[in-house]
$ cat run-v9.txt   # compact mmCIF, C-alpha atoms
# COMPACT_ATOMS: atom_id res chain seq x y z
CA MET A 1 130.39 138.13 92.83
CA LYS A 2 134.06 138.13 93.75
CA THR A 3 136.17 135.03 93.28
CA MET A 4 137.84 133.65 96.40
CA GLU A 5 141.20 134.76 94.99
CA GLU A 6 139.85 138.32 94.88
CA VAL A 7 138.47 137.95 98.42
CA TRP A 8 141.82 136.75 99.79
CA LYS A 9 143.66 139.55 98.00
CA ALA A 10 141.27 142.15 99.44
CA ARG A 11 141.79 140.74 102.92
CA ARG A 12 145.58 140.91 102.56
CA GLU A 13 145.28 144.52 101.41
CA ARG A 14 143.22 145.38 104.51
CA VAL A 15 145.86 143.85 106.77
CA LEU A 16 148.70 145.55 104.89
CA GLY A 17 146.87 148.86 105.34
CA ALA A 18 146.61 148.23 109.08
CA MET A 19 150.30 147.35 109.22
CA GLU A 20 151.19 150.57 107.41
CA ALA A 21 149.18 152.54 109.98
CA GLN A 22 151.39 150.96 112.67
CA GLY A 23 154.60 151.71 110.79
CA LEU A 24 155.13 148.10 109.73
CA GLU A 25 156.22 146.89 106.30
CA GLN A 26 156.54 143.21 107.19
CA MET A 27 154.81 140.71 109.45
CA ILE A 28 154.83 137.02 110.35
CA VAL A 29 151.34 135.48 110.48
CA SER A 30 151.33 131.98 112.00
CA ASP A 31 147.76 131.35 113.22
CA PRO A 32 146.53 128.71 110.72
CA LYS A 33 143.07 130.29 110.70
CA SER A 34 144.54 133.68 109.85
CA VAL A 35 146.76 132.18 107.15
CA TRP A 36 143.69 130.54 105.60
CA TYR A 37 141.78 133.84 105.91
CA LEU A 38 144.49 135.62 103.93
CA THR A 39 145.49 132.94 101.41
CA GLY A 40 143.03 130.06 101.32
CA VAL A 41 145.79 127.65 102.36
CA ASP A 42 144.39 125.22 104.93
CA VAL A 43 147.11 123.59 107.02
CA GLU A 44 147.18 122.21 110.57
CA PRO A 45 150.92 122.34 111.35
CA TYR A 46 150.86 120.81 114.83
CA GLU A 47 154.43 121.31 116.15
CA ARG A 48 155.95 122.20 112.79
CA LEU A 49 156.87 125.65 111.55
CA PHE A 50 154.22 127.21 109.32
CA ALA A 51 154.17 130.92 108.60
CA LEU A 52 153.09 133.59 106.15
CA TYR A 53 155.61 136.39 105.68
CA LEU A 54 153.30 139.25 104.75
CA ARG A 55 154.61 142.30 102.89
CA LYS A 56 153.46 144.64 100.11
CA GLU A 57 156.21 143.55 97.71
CA GLY A 58 154.94 139.97 97.69
CA SER A 59 154.18 137.54 100.47
CA VAL A 60 155.98 134.26 101.14
CA LEU A 61 154.60 131.03 102.64
CA PHE A 62 156.97 128.86 104.64
CA LEU A 63 155.70 125.29 104.34
CA ASN A 64 156.80 121.84 105.42
CA ARG A 65 156.83 119.33 102.56
CA LEU A 66 154.48 117.15 104.62
CA PHE A 67 151.73 119.74 104.02
CA HIS A 68 149.76 119.08 100.84
CA VAL A 69 149.42 122.49 99.17
CA PRO A 70 149.39 121.88 95.40
CA ASN A 71 149.06 125.48 94.21
CA PRO A 72 150.27 128.03 96.77
CA PRO A 73 148.77 131.48 96.04
CA CYS A 74 152.11 133.21 96.55
CA GLU A 75 155.80 132.36 96.63
CA ALA A 76 156.41 129.23 98.70
CA VAL A 77 159.56 128.20 100.56
CA TRP A 78 159.52 124.47 101.28
CA MET A 79 161.35 122.73 104.09
CA THR A 80 161.64 119.32 105.70
CA ASP A 81 161.73 118.34 109.36
CA THR A 82 165.52 118.50 109.33
CA ASP A 83 165.85 121.88 107.64
CA ASP A 84 166.47 125.14 109.48
CA GLY A 85 163.09 126.77 108.89
CA VAL A 86 163.82 129.71 111.19
CA GLY A 87 167.05 130.32 109.27
CA MET A 88 165.06 130.37 106.02
CA ILE A 89 162.82 133.08 107.46
CA ALA A 90 165.81 135.01 108.79
CA ALA A 91 167.27 135.02 105.28
CA ARG A 92 164.13 136.68 103.89
CA VAL A 93 163.13 139.31 106.44
CA ASP A 94 164.45 142.87 106.31
CA LYS A 95 166.59 143.03 109.45
CA THR A 96 166.77 146.83 109.29
CA LYS A 97 163.02 147.28 109.81
CA PRO A 98 160.54 146.30 112.52
CA LEU A 99 158.88 142.90 112.09
CA GLY A 100 155.29 142.34 113.20
CA ILE A 101 154.56 139.04 114.94
CA ASP A 102 151.13 137.53 115.60
CA LYS A 103 150.21 136.34 119.05
CA GLU A 104 150.15 132.66 118.09
CA TRP A 105 153.78 132.18 117.00
CA PRO A 106 155.51 129.93 119.55
CA ALA A 107 158.54 131.18 121.44
CA ARG A 108 160.47 128.15 120.10
CA PHE A 109 160.44 129.89 116.69
CA LEU A 110 160.34 133.56 117.67
CA LEU A 111 163.30 133.52 120.07
CA PRO A 112 165.68 131.80 117.61
CA LEU A 113 164.62 134.27 114.91
CA MET A 114 165.40 137.17 117.22
CA ALA A 115 168.78 135.60 117.98
CA ALA A 116 169.46 135.20 114.25
CA CYS A 117 168.51 138.83 113.58
CA PRO A 118 170.15 140.83 116.38
CA GLY A 119 168.93 144.40 116.56
CA MET A 120 165.75 143.74 114.58
CA GLU A 121 162.71 145.06 116.46
CA CYS A 122 159.87 142.53 116.83
CA ARG A 123 156.42 143.91 117.62
CA LEU A 124 153.20 142.20 118.64
CA ALA A 125 150.98 143.03 115.67
CA SER A 126 148.05 140.63 115.97
CA ASP A 127 145.59 143.51 115.86
CA CYS A 128 146.43 144.03 112.18
CA VAL A 129 144.88 140.65 111.38
CA ASP A 130 142.44 140.33 114.26
CA ASP A 131 140.76 143.65 113.51
CA ALA A 132 140.32 142.65 109.86
CA ARG A 133 138.84 139.29 110.89
CA ALA A 134 136.47 141.09 113.26
CA ARG A 135 134.83 142.96 110.36
CA LYS A 136 133.28 140.19 108.29
CA ASP A 137 133.16 140.58 104.52
CA GLU A 138 130.06 139.52 102.57
CA ALA A 139 131.27 135.94 102.04
CA GLU A 140 131.74 135.53 105.79
CA ARG A 141 128.39 137.13 106.61
CA GLU A 142 126.59 134.61 104.44
CA LEU A 143 128.38 131.73 106.14
CA MET A 144 127.47 133.12 109.57
CA ARG A 145 123.83 133.51 108.52
CA MET A 146 123.73 129.93 107.23
CA ASN A 147 125.26 128.55 110.41
CA SER A 148 122.85 130.51 112.59
CA ARG A 149 119.89 129.10 110.64
CA LEU A 150 121.24 125.60 111.26
CA ASN A 151 121.70 126.42 114.93
CA ASP A 152 118.10 127.65 115.15
CA GLU A 153 116.98 124.28 113.80
CA VAL A 154 119.08 122.34 116.32
CA MET A 155 117.68 124.44 119.16
CA ARG A 156 114.09 123.82 118.06
CA ARG A 157 114.71 120.08 117.70
CA THR A 158 116.39 119.87 121.11
CA ALA A 159 113.61 121.77 122.87
CA ALA A 160 111.10 119.34 121.35
CA PHE A 161 113.20 116.31 122.28
CA LEU A 162 113.86 116.94 125.99
CA LYS A 163 111.47 115.20 128.38
CA GLU A 164 111.14 114.87 132.13
CA GLY A 165 113.47 112.12 133.37
CA MET A 166 116.11 112.55 130.68
CA THR A 167 119.70 113.27 131.70
CA GLU A 168 121.82 116.22 130.63
CA LYS A 169 124.15 113.74 128.90
CA GLU A 170 121.24 112.43 126.82
CA GLY A 171 120.45 115.99 125.80
CA GLU A 172 124.07 116.59 124.85
CA ALA A 173 124.18 113.43 122.72
CA PHE A 174 121.04 114.52 120.89
CA VAL A 175 122.51 117.96 120.15
CA LEU A 176 125.70 116.43 118.75
CA ALA A 177 123.69 114.06 116.55
CA GLN A 178 121.67 116.95 115.10
CA TYR A 179 124.74 118.89 114.02
CA LYS A 180 126.09 115.77 112.31
CA GLU A 181 122.77 115.16 110.57
CA LEU A 182 122.70 118.76 109.31
CA GLY A 183 126.17 118.48 107.78
CA CYS A 184 128.26 120.36 110.31
CA GLU A 185 131.91 119.37 110.52
CA ASP A 186 132.11 120.00 114.24
CA VAL A 187 130.61 121.92 117.13
CA SER A 188 131.73 125.46 117.95
CA PHE A 189 132.25 124.35 121.56
CA ALA A 190 131.11 121.53 123.83
CA PRO A 191 127.32 121.88 124.19
CA ILE A 192 126.05 123.22 127.51
CA VAL A 193 122.90 121.39 128.66
CA SER A 194 122.08 122.39 132.25
CA PHE A 195 119.06 121.43 134.35
CA GLY A 196 117.86 123.12 137.54
CA ALA A 197 120.55 124.32 139.94
CA ASN A 198 123.26 123.25 137.49
CA ALA A 199 122.22 126.21 135.33
CA ALA A 200 123.63 128.54 137.99
CA ASP A 201 127.07 127.55 136.66
CA PRO A 202 127.40 129.40 133.33
CA HIS A 203 129.82 126.78 131.97
CA HIS A 204 128.38 123.64 133.54
CA MET A 205 129.22 120.52 131.55
CA PRO A 206 126.46 117.93 131.09
CA ASP A 207 126.34 115.10 133.63
CA GLU A 208 123.82 112.46 134.73
CA THR A 209 121.44 114.96 136.36
CA ARG A 210 117.85 114.12 135.39
CA LEU A 211 115.28 116.67 134.31
CA LYS A 212 112.50 117.30 136.82
CA ALA A 213 109.25 119.24 136.58
CA GLY A 214 109.90 122.89 137.47
CA ASP A 215 113.57 122.81 136.45
CA CYS A 216 114.99 125.53 134.25
CA ILE A 217 116.84 124.25 131.19
CA VAL A 218 119.78 126.22 129.76
CA LEU A 219 120.84 125.20 126.24
CA ASP A 220 123.99 126.96 125.00
CA ILE A 221 124.91 125.38 121.68
CA GLY A 222 126.73 126.05 118.42
CA GLY A 223 127.88 124.20 115.33
CA LYS A 224 130.60 124.72 112.74
CA LYS A 225 130.16 124.38 109.00
CA GLN A 226 132.49 125.55 106.23
CA ARG A 227 134.90 126.74 108.95
CA TYR A 228 132.53 129.24 110.61
CA CYS A 229 130.76 128.99 113.97
CA SER A 230 127.33 129.59 115.42
CA ASP A 231 126.38 130.21 119.04
CA MET A 232 123.06 130.72 120.82
CA THR A 233 121.52 130.23 124.26
CA ARG A 234 117.89 129.75 125.21
CA THR A 235 116.42 128.97 128.64
CA TYR A 236 113.24 126.92 129.06
CA PHE A 237 111.24 125.42 131.95
CA CYS A 238 110.17 121.81 132.36
CA LYS A 239 106.35 121.62 132.51
CA GLU A 240 105.95 124.53 134.96
CA ALA A 241 107.72 127.75 135.84
CA ASP A 242 108.21 129.22 139.30
CA PRO A 243 106.89 132.81 139.07
CA LYS A 244 110.11 134.21 140.56
CA TYR A 245 112.25 132.44 137.97
CA ALA A 246 109.90 133.32 135.12
CA ALA A 247 110.17 136.99 136.12
CA ILE A 248 113.97 136.75 136.11
CA HIS A 249 113.83 135.17 132.65
CA ASP A 250 111.71 138.09 131.44
CA LEU A 251 114.25 140.50 132.93
CA VAL A 252 117.18 138.83 131.18
CA ARG A 253 115.31 138.75 127.88
CA ARG A 254 114.54 142.45 128.19
CA ALA A 255 118.22 143.13 128.91
CA ASN A 256 119.15 141.21 125.76
CA GLU A 257 116.65 143.19 123.69
CA ALA A 258 117.68 146.53 125.22
CA ALA A 259 121.30 145.99 124.22
CA GLU A 260 120.40 144.76 120.74
CA ALA A 261 118.23 147.84 120.16
CA LEU A 262 121.32 150.06 120.58
CA VAL A 263 123.61 148.23 118.16
CA LYS A 264 124.68 150.37 115.21
CA PRO A 265 127.95 151.71 113.80
CA GLY A 266 129.64 154.18 116.13
CA VAL A 267 128.17 152.87 119.39
CA LYS A 268 130.69 151.98 122.08
CA LEU A 269 130.49 148.30 122.93
CA SER A 270 130.86 149.21 126.59
CA GLU A 271 127.53 151.08 126.27
CA LEU A 272 125.83 147.86 125.14
CA ASP A 273 127.14 146.08 128.22
CA ALA A 274 125.94 148.94 130.41
CA ALA A 275 122.45 148.92 128.90
CA ALA A 276 121.92 145.27 129.80
CA ARG A 277 123.78 145.38 133.11
CA ASP A 278 122.03 148.51 134.40
CA LEU A 279 118.60 147.04 133.69
CA ILE A 280 119.45 143.84 135.57
CA ALA A 281 121.06 145.77 138.44
CA ALA A 282 117.99 147.98 138.80
CA GLU A 283 115.97 144.87 139.66
CA GLY A 284 118.47 143.80 142.32
CA TYR A 285 120.29 141.08 140.40
CA GLY A 286 123.41 142.94 139.30
CA GLU A 287 125.80 140.81 141.38
CA TYR A 288 124.41 137.69 139.72
CA PHE A 289 125.27 138.82 136.18
CA THR A 290 128.80 137.51 136.46
CA HIS A 291 130.29 137.74 132.95
CA ARG A 292 130.73 140.19 130.07
CA LEU A 293 127.80 140.80 127.76
CA GLY A 294 129.35 139.21 124.70
CA HIS A 295 132.24 138.02 122.58
CA PHE A 296 133.22 138.17 118.93
CA ILE A 297 132.83 135.06 116.79
CA GLY A 298 133.83 133.75 113.37
CA GLN A 299 136.20 130.89 112.61
CA THR A 300 136.42 130.30 116.36
CA ASP A 301 133.66 130.69 118.92
CA HIS A 302 135.64 133.35 120.81
CA GLU A 303 137.62 135.63 118.52
CA GLN A 304 139.57 138.74 119.43
CA GLY A 305 137.26 141.43 120.78
CA ASP A 306 134.56 141.51 123.44
CA VAL A 307 131.46 143.37 124.57
CA SER A 308 132.22 144.38 128.14
CA SER A 309 132.40 147.34 130.49
CA THR A 310 136.10 147.77 129.70
CA SER A 311 135.98 147.21 125.94
CA PRO A 312 137.61 150.06 123.99
CA LEU A 313 135.89 148.99 120.77
CA VAL A 314 133.25 150.84 118.78
CA ALA A 315 130.72 148.95 116.65
CA GLU A 316 131.62 148.85 112.97
CA GLU A 317 129.70 147.45 110.03
CA GLY A 318 130.52 143.77 109.55
CA MET A 319 131.30 142.97 113.18
CA ILE A 320 129.52 139.90 114.57
CA PHE A 321 129.32 139.37 118.31
CA SER A 322 127.07 137.83 120.93
CA ILE A 323 124.62 139.59 123.23
CA GLU A 324 124.15 137.22 126.17
CA PRO A 325 123.09 138.64 129.53
CA GLY A 326 122.47 136.16 132.33
CA VAL A 327 121.48 135.86 135.97
CA TYR A 328 122.81 132.97 138.07
CA LEU A 329 121.52 132.26 141.60
CA PRO A 330 123.93 129.76 143.20
CA GLY A 331 122.27 126.50 144.20
CA GLU A 332 118.93 127.58 142.69
CA PHE A 333 118.62 128.64 139.10
CA GLY A 334 120.28 130.21 136.08
CA VAL A 335 119.09 131.89 132.91
CA ARG A 336 120.91 133.16 129.83
CA VAL A 337 119.47 134.54 126.60
CA GLU A 338 122.00 134.82 123.77
CA ASP A 339 121.86 135.92 120.15
CA LEU A 340 124.52 136.72 117.58
CA VAL A 341 124.20 140.15 115.98
CA LEU A 342 125.72 141.47 112.75
CA VAL A 343 126.36 145.20 112.69
CA THR A 344 124.81 146.66 109.53
CA ALA A 345 125.11 150.11 107.92
CA ASP A 346 122.35 151.56 110.09
CA GLY A 347 121.71 149.08 112.90
CA CYS A 348 122.05 145.35 113.34
CA GLU A 349 120.75 142.05 112.05
CA VAL A 350 119.93 139.50 114.74
CA LEU A 351 121.09 136.19 113.31
CA ASN A 352 119.00 133.94 115.58
CA GLN A 353 115.26 133.56 115.12
CA VAL A 354 114.27 131.13 117.89
CA ASN A 355 111.69 132.70 120.25
CA LYS A 356 113.42 134.28 123.26
CA HIS A 357 110.41 134.32 125.59
CA TRP A 358 110.33 131.56 128.18
CA SER A 359 108.22 128.54 127.40
CA LEU A 360 107.37 125.15 128.89
CA ILE A 361 108.86 121.97 127.44
CA GLY A 362 109.40 118.38 128.54

$ encode --input "run-v9.txt" --output "structure tokens"
Amino acid sequence: MKTMEEVWKARRERVLGAMEAQGLEQMIVSDPKSVWYLTGVDVEPYERLFALYLRKEGSVLFLNRLFHVPNPPCEAVWMTDTDDGVGMIAARVDKTKPLGIDKEWPARFLLPLMAACPGMECRLASDCVDDARARKDEAERELMRMNSRLNDEVMRRTAAFLKEGMTEKEGEAFVLAQYKELGCEDVSFAPIVSFGANAADPHHMPDETRLKAGDCIVLDIGGKKQRYCSDMTRTYFCKEADPKYAAIHDLVRRANEAAEALVKPGVKLSELDAAARDLIAAEGYGEYFTHRLGHFIGQTDHEQGDVSSTSPLVAEEGMIFSIEPGVYLPGEFGVRVEDLVLVTADGCEVLNQVNKHWSLIG
């Protein structure tokens, strides 16, 4: 098994290879999650300058002395709040060559650097890091599997907990308590607990609506442990299911399964979206499937990359993304069925194991 130092080095080499393919020999990485991904240094800089100057000859971390980093994995340049951090970077970069910049670096740092280095070309180069983060290495895959198992458990507990008469807010509080009990540091996103017509809003936030017999129940939940996220959606019915809504649930589940059956290296992600969308449209509900099929996930719930009709991406081994078709009838009902899938060498691994068929609870 590789040490974390070996893992971080391999990740830097992947990004340096991507930079070389774009004609870049140097890059500023400022997203704290990307800096951790490449170095293991965990810093939340808030408004302060924090950056990794990435290059083949040896990378440099620019750190405020307020950040506690006892053993930086590469050369470190320390500064205080009154030092000219941008000037320190300007003194290190090669002004005769293009400089890659990630999408997170604030203009308050980038623009002064450009002024200090007139004539130096700055290029948006986030893809060099984002594409590497999109293809999870084995350490990341294990963390994503673990988090999905925890999420399965929270979903099962929540489905067993909800009863007629409870409010969405009570359901939300229960979900949050389960993640804490299972050792998660945080949630991936605010839990979505939607009853009845509220489920027709894909991003409805829990309120005081009470669960009634016949209501659909959309649970879209995810937790975060050891930096990585989970995400899953299941839709249930309280005590009884209207035949029309049960049939729509079956349709959405089949759309989910149809897309998942196609996942393997080399498949266009737009084809996955089409497989689910065409099936739903054929039954007359195409206009009510109002969002993309899926999103990438890792350290954040929505990472760079999506599964949509316009996505230019092709599935590659190690990618993890959601497959989440839905149908939303305004004022009536909503259903979404979501799994996370890991692209394997010859197909995919569905990370969620909670039954996707509709069932009665409450």

$ residues_near_point --input "run-v9.txt" --point "(153.3, 151.7, 115.9)" --cutoff "10 Å" --atoms "all atoms listed in the file" --output "ChimeraX atom specification"
/A:19-24,98,100,123-125

$ closest_residue --input "run-v9.txt" --among "A:Gly298, A:Gly318, A:Gly347, A:Gly222" --to "Tyr37 (chain A)" --atoms "all atoms listed in the file"
A:Gly298

$ closest_residue --input "run-v9.txt" --among "A:Cys74, A:Ala199, A:Leu150, A:Leu110" --to "Val175 (chain A)" --atoms "all atoms listed in the file"
A:Leu150

$ atom_distance --input "run-v9.txt" --atom1 "CA of Trp358 (chain A)" --atom2 "CA of Cys216 (chain A)"
9.7 Å

$ atom_distance --input "run-v9.txt" --atom1 "CA of Gln299 (chain A)" --atom2 "CA of Asn198 (chain A)"
29.1 Å

$ closest_residue --input "run-v9.txt" --among "A:Trp36, A:Tyr236, A:Val29, A:Glu140" --to "Ala160 (chain A)" --atoms "all atoms listed in the file"
A:Tyr236

$ closest_residue --input "run-v9.txt" --among "A:Leu313, A:Pro325, A:Glu287, A:Glu185" --to "Leu251 (chain A)" --atoms "only C-alpha atoms"
A:Pro325

$ build_atoms --input "run-v9.txt" --residues "region 225-245 of chain A" --atoms "N, CA, C and O atoms" --output "PDB file, in the coordinates of the input"
ATOM      1  N   LYS A 225     130.269 124.883 110.368  1.00  0.00           N
ATOM      2  CA  LYS A 225     130.160 124.380 109.000  1.00  0.00           C
ATOM      3  C   LYS A 225     130.896 125.330 108.070  1.00  0.00           C
ATOM      4  O   LYS A 225     130.768 126.546 108.199  1.00  0.00           O
ATOM      5  N   GLN A 226     131.670 124.762 107.146  1.00  0.00           N
ATOM      6  CA  GLN A 226     132.490 125.550 106.230  1.00  0.00           C
ATOM      7  C   GLN A 226     133.353 126.549 107.013  1.00  0.00           C
ATOM      8  O   GLN A 226     133.462 127.713 106.667  1.00  0.00           O
ATOM      9  N   ARG A 227     133.920 126.046 108.110  1.00  0.00           N
ATOM     10  CA  ARG A 227     134.900 126.740 108.950  1.00  0.00           C
ATOM     11  C   ARG A 227     134.299 127.734 109.937  1.00  0.00           C
ATOM     12  O   ARG A 227     134.975 128.131 110.890  1.00  0.00           O
ATOM     13  N   TYR A 228     133.070 128.172 109.768  1.00  0.00           N
ATOM     14  CA  TYR A 228     132.530 129.240 110.610  1.00  0.00           C
ATOM     15  C   TYR A 228     131.566 128.699 111.667  1.00  0.00           C
ATOM     16  O   TYR A 228     130.946 127.658 111.493  1.00  0.00           O
ATOM     17  N   CYS A 229     131.450 129.443 112.764  1.00  0.00           N
ATOM     18  CA  CYS A 229     130.760 128.990 113.970  1.00  0.00           C
ATOM     19  C   CYS A 229     129.405 129.660 114.161  1.00  0.00           C
ATOM     20  O   CYS A 229     129.167 130.770 113.689  1.00  0.00           O
ATOM     21  N   SER A 230     128.564 128.981 114.910  1.00  0.00           N
ATOM     22  CA  SER A 230     127.330 129.590 115.420  1.00  0.00           C
ATOM     23  C   SER A 230     127.343 129.472 116.939  1.00  0.00           C
ATOM     24  O   SER A 230     128.122 128.719 117.514  1.00  0.00           O
ATOM     25  N   ASP A 231     126.447 130.207 117.579  1.00  0.00           N
ATOM     26  CA  ASP A 231     126.380 130.210 119.040  1.00  0.00           C
ATOM     27  C   ASP A 231     125.043 130.826 119.445  1.00  0.00           C
ATOM     28  O   ASP A 231     124.649 131.864 118.901  1.00  0.00           O
ATOM     29  N   MET A 232     124.340 130.188 120.349  1.00  0.00           N
ATOM     30  CA  MET A 232     123.060 130.720 120.820  1.00  0.00           C
ATOM     31  C   MET A 232     122.714 130.061 122.148  1.00  0.00           C
ATOM     32  O   MET A 232     123.072 128.908 122.376  1.00  0.00           O
ATOM     33  N   THR A 233     122.009 130.788 123.006  1.00  0.00           N
ATOM     34  CA  THR A 233     121.520 130.230 124.260  1.00  0.00           C
ATOM     35  C   THR A 233     120.042 130.567 124.424  1.00  0.00           C
ATOM     36  O   THR A 233     119.624 131.712 124.191  1.00  0.00           O
ATOM     37  N   ARG A 234     119.286 129.560 124.817  1.00  0.00           N
ATOM     38  CA  ARG A 234     117.890 129.750 125.210  1.00  0.00           C
ATOM     39  C   ARG A 234     117.679 129.030 126.537  1.00  0.00           C
ATOM     40  O   ARG A 234     118.327 128.023 126.836  1.00  0.00           O
ATOM     41  N   THR A 235     116.748 129.560 127.348  1.00  0.00           N
ATOM     42  CA  THR A 235     116.420 128.970 128.640  1.00  0.00           C
ATOM     43  C   THR A 235     114.929 128.640 128.674  1.00  0.00           C
ATOM     44  O   THR A 235     114.091 129.515 128.388  1.00  0.00           O
ATOM     45  N   TYR A 236     114.617 127.404 129.005  1.00  0.00           N
ATOM     46  CA  TYR A 236     113.240 126.920 129.060  1.00  0.00           C
ATOM     47  C   TYR A 236     112.920 126.457 130.477  1.00  0.00           C
ATOM     48  O   TYR A 236     113.793 126.431 131.349  1.00  0.00           O
ATOM     49  N   PHE A 237     111.660 126.035 130.693  1.00  0.00           N
ATOM     50  CA  PHE A 237     111.240 125.420 131.950  1.00  0.00           C
ATOM     51  C   PHE A 237     110.557 124.101 131.649  1.00  0.00           C
ATOM     52  O   PHE A 237     109.850 123.966 130.644  1.00  0.00           O
ATOM     53  N   CYS A 238     110.776 123.128 132.531  1.00  0.00           N
ATOM     54  CA  CYS A 238     110.170 121.810 132.360  1.00  0.00           C
ATOM     55  C   CYS A 238     108.776 121.790 132.990  1.00  0.00           C
ATOM     56  O   CYS A 238     108.650 121.828 134.226  1.00  0.00           O
ATOM     57  N   LYS A 239     107.764 121.809 132.144  1.00  0.00           N
ATOM     58  CA  LYS A 239     106.350 121.620 132.510  1.00  0.00           C
ATOM     59  C   LYS A 239     105.729 122.773 133.298  1.00  0.00           C
ATOM     60  O   LYS A 239     104.538 123.090 133.122  1.00  0.00           O
ATOM     61  N   GLU A 240     106.488 123.408 134.174  1.00  0.00           N
ATOM     62  CA  GLU A 240     105.950 124.530 134.960  1.00  0.00           C
ATOM     63  C   GLU A 240     107.088 125.470 135.316  1.00  0.00           C
ATOM     64  O   GLU A 240     108.251 125.076 135.365  1.00  0.00           O
ATOM     65  N   ALA A 241     106.721 126.729 135.537  1.00  0.00           N
ATOM     66  CA  ALA A 241     107.720 127.750 135.840  1.00  0.00           C
ATOM     67  C   ALA A 241     107.401 128.438 137.160  1.00  0.00           C
ATOM     68  O   ALA A 241     106.291 128.962 137.333  1.00  0.00           O
ATOM     69  N   ASP A 242     108.347 128.445 138.066  1.00  0.00           N
ATOM     70  CA  ASP A 242     108.210 129.220 139.300  1.00  0.00           C
ATOM     71  C   ASP A 242     108.074 130.691 138.927  1.00  0.00           C
ATOM     72  O   ASP A 242     108.864 131.208 138.131  1.00  0.00           O
ATOM     73  N   PRO A 243     107.092 131.401 139.455  1.00  0.00           N
ATOM     74  CA  PRO A 243     106.890 132.810 139.070  1.00  0.00           C
ATOM     75  C   PRO A 243     108.119 133.678 139.264  1.00  0.00           C
ATOM     76  O   PRO A 243     108.386 134.572 138.454  1.00  0.00           O
ATOM     77  N   LYS A 244     108.898 133.429 140.333  1.00  0.00           N
ATOM     78  CA  LYS A 244     110.110 134.210 140.560  1.00  0.00           C
ATOM     79  C   LYS A 244     111.099 133.999 139.413  1.00  0.00           C
ATOM     80  O   LYS A 244     111.663 134.963 138.873  1.00  0.00           O
ATOM     81  N   TYR A 245     111.287 132.734 139.020  1.00  0.00           N
ATOM     82  CA  TYR A 245     112.250 132.440 137.970  1.00  0.00           C
ATOM     83  C   TYR A 245     111.747 132.908 136.608  1.00  0.00           C
ATOM     84  O   TYR A 245     112.535 133.358 135.767  1.00  0.00           O
TER      85      TYR A 245
END
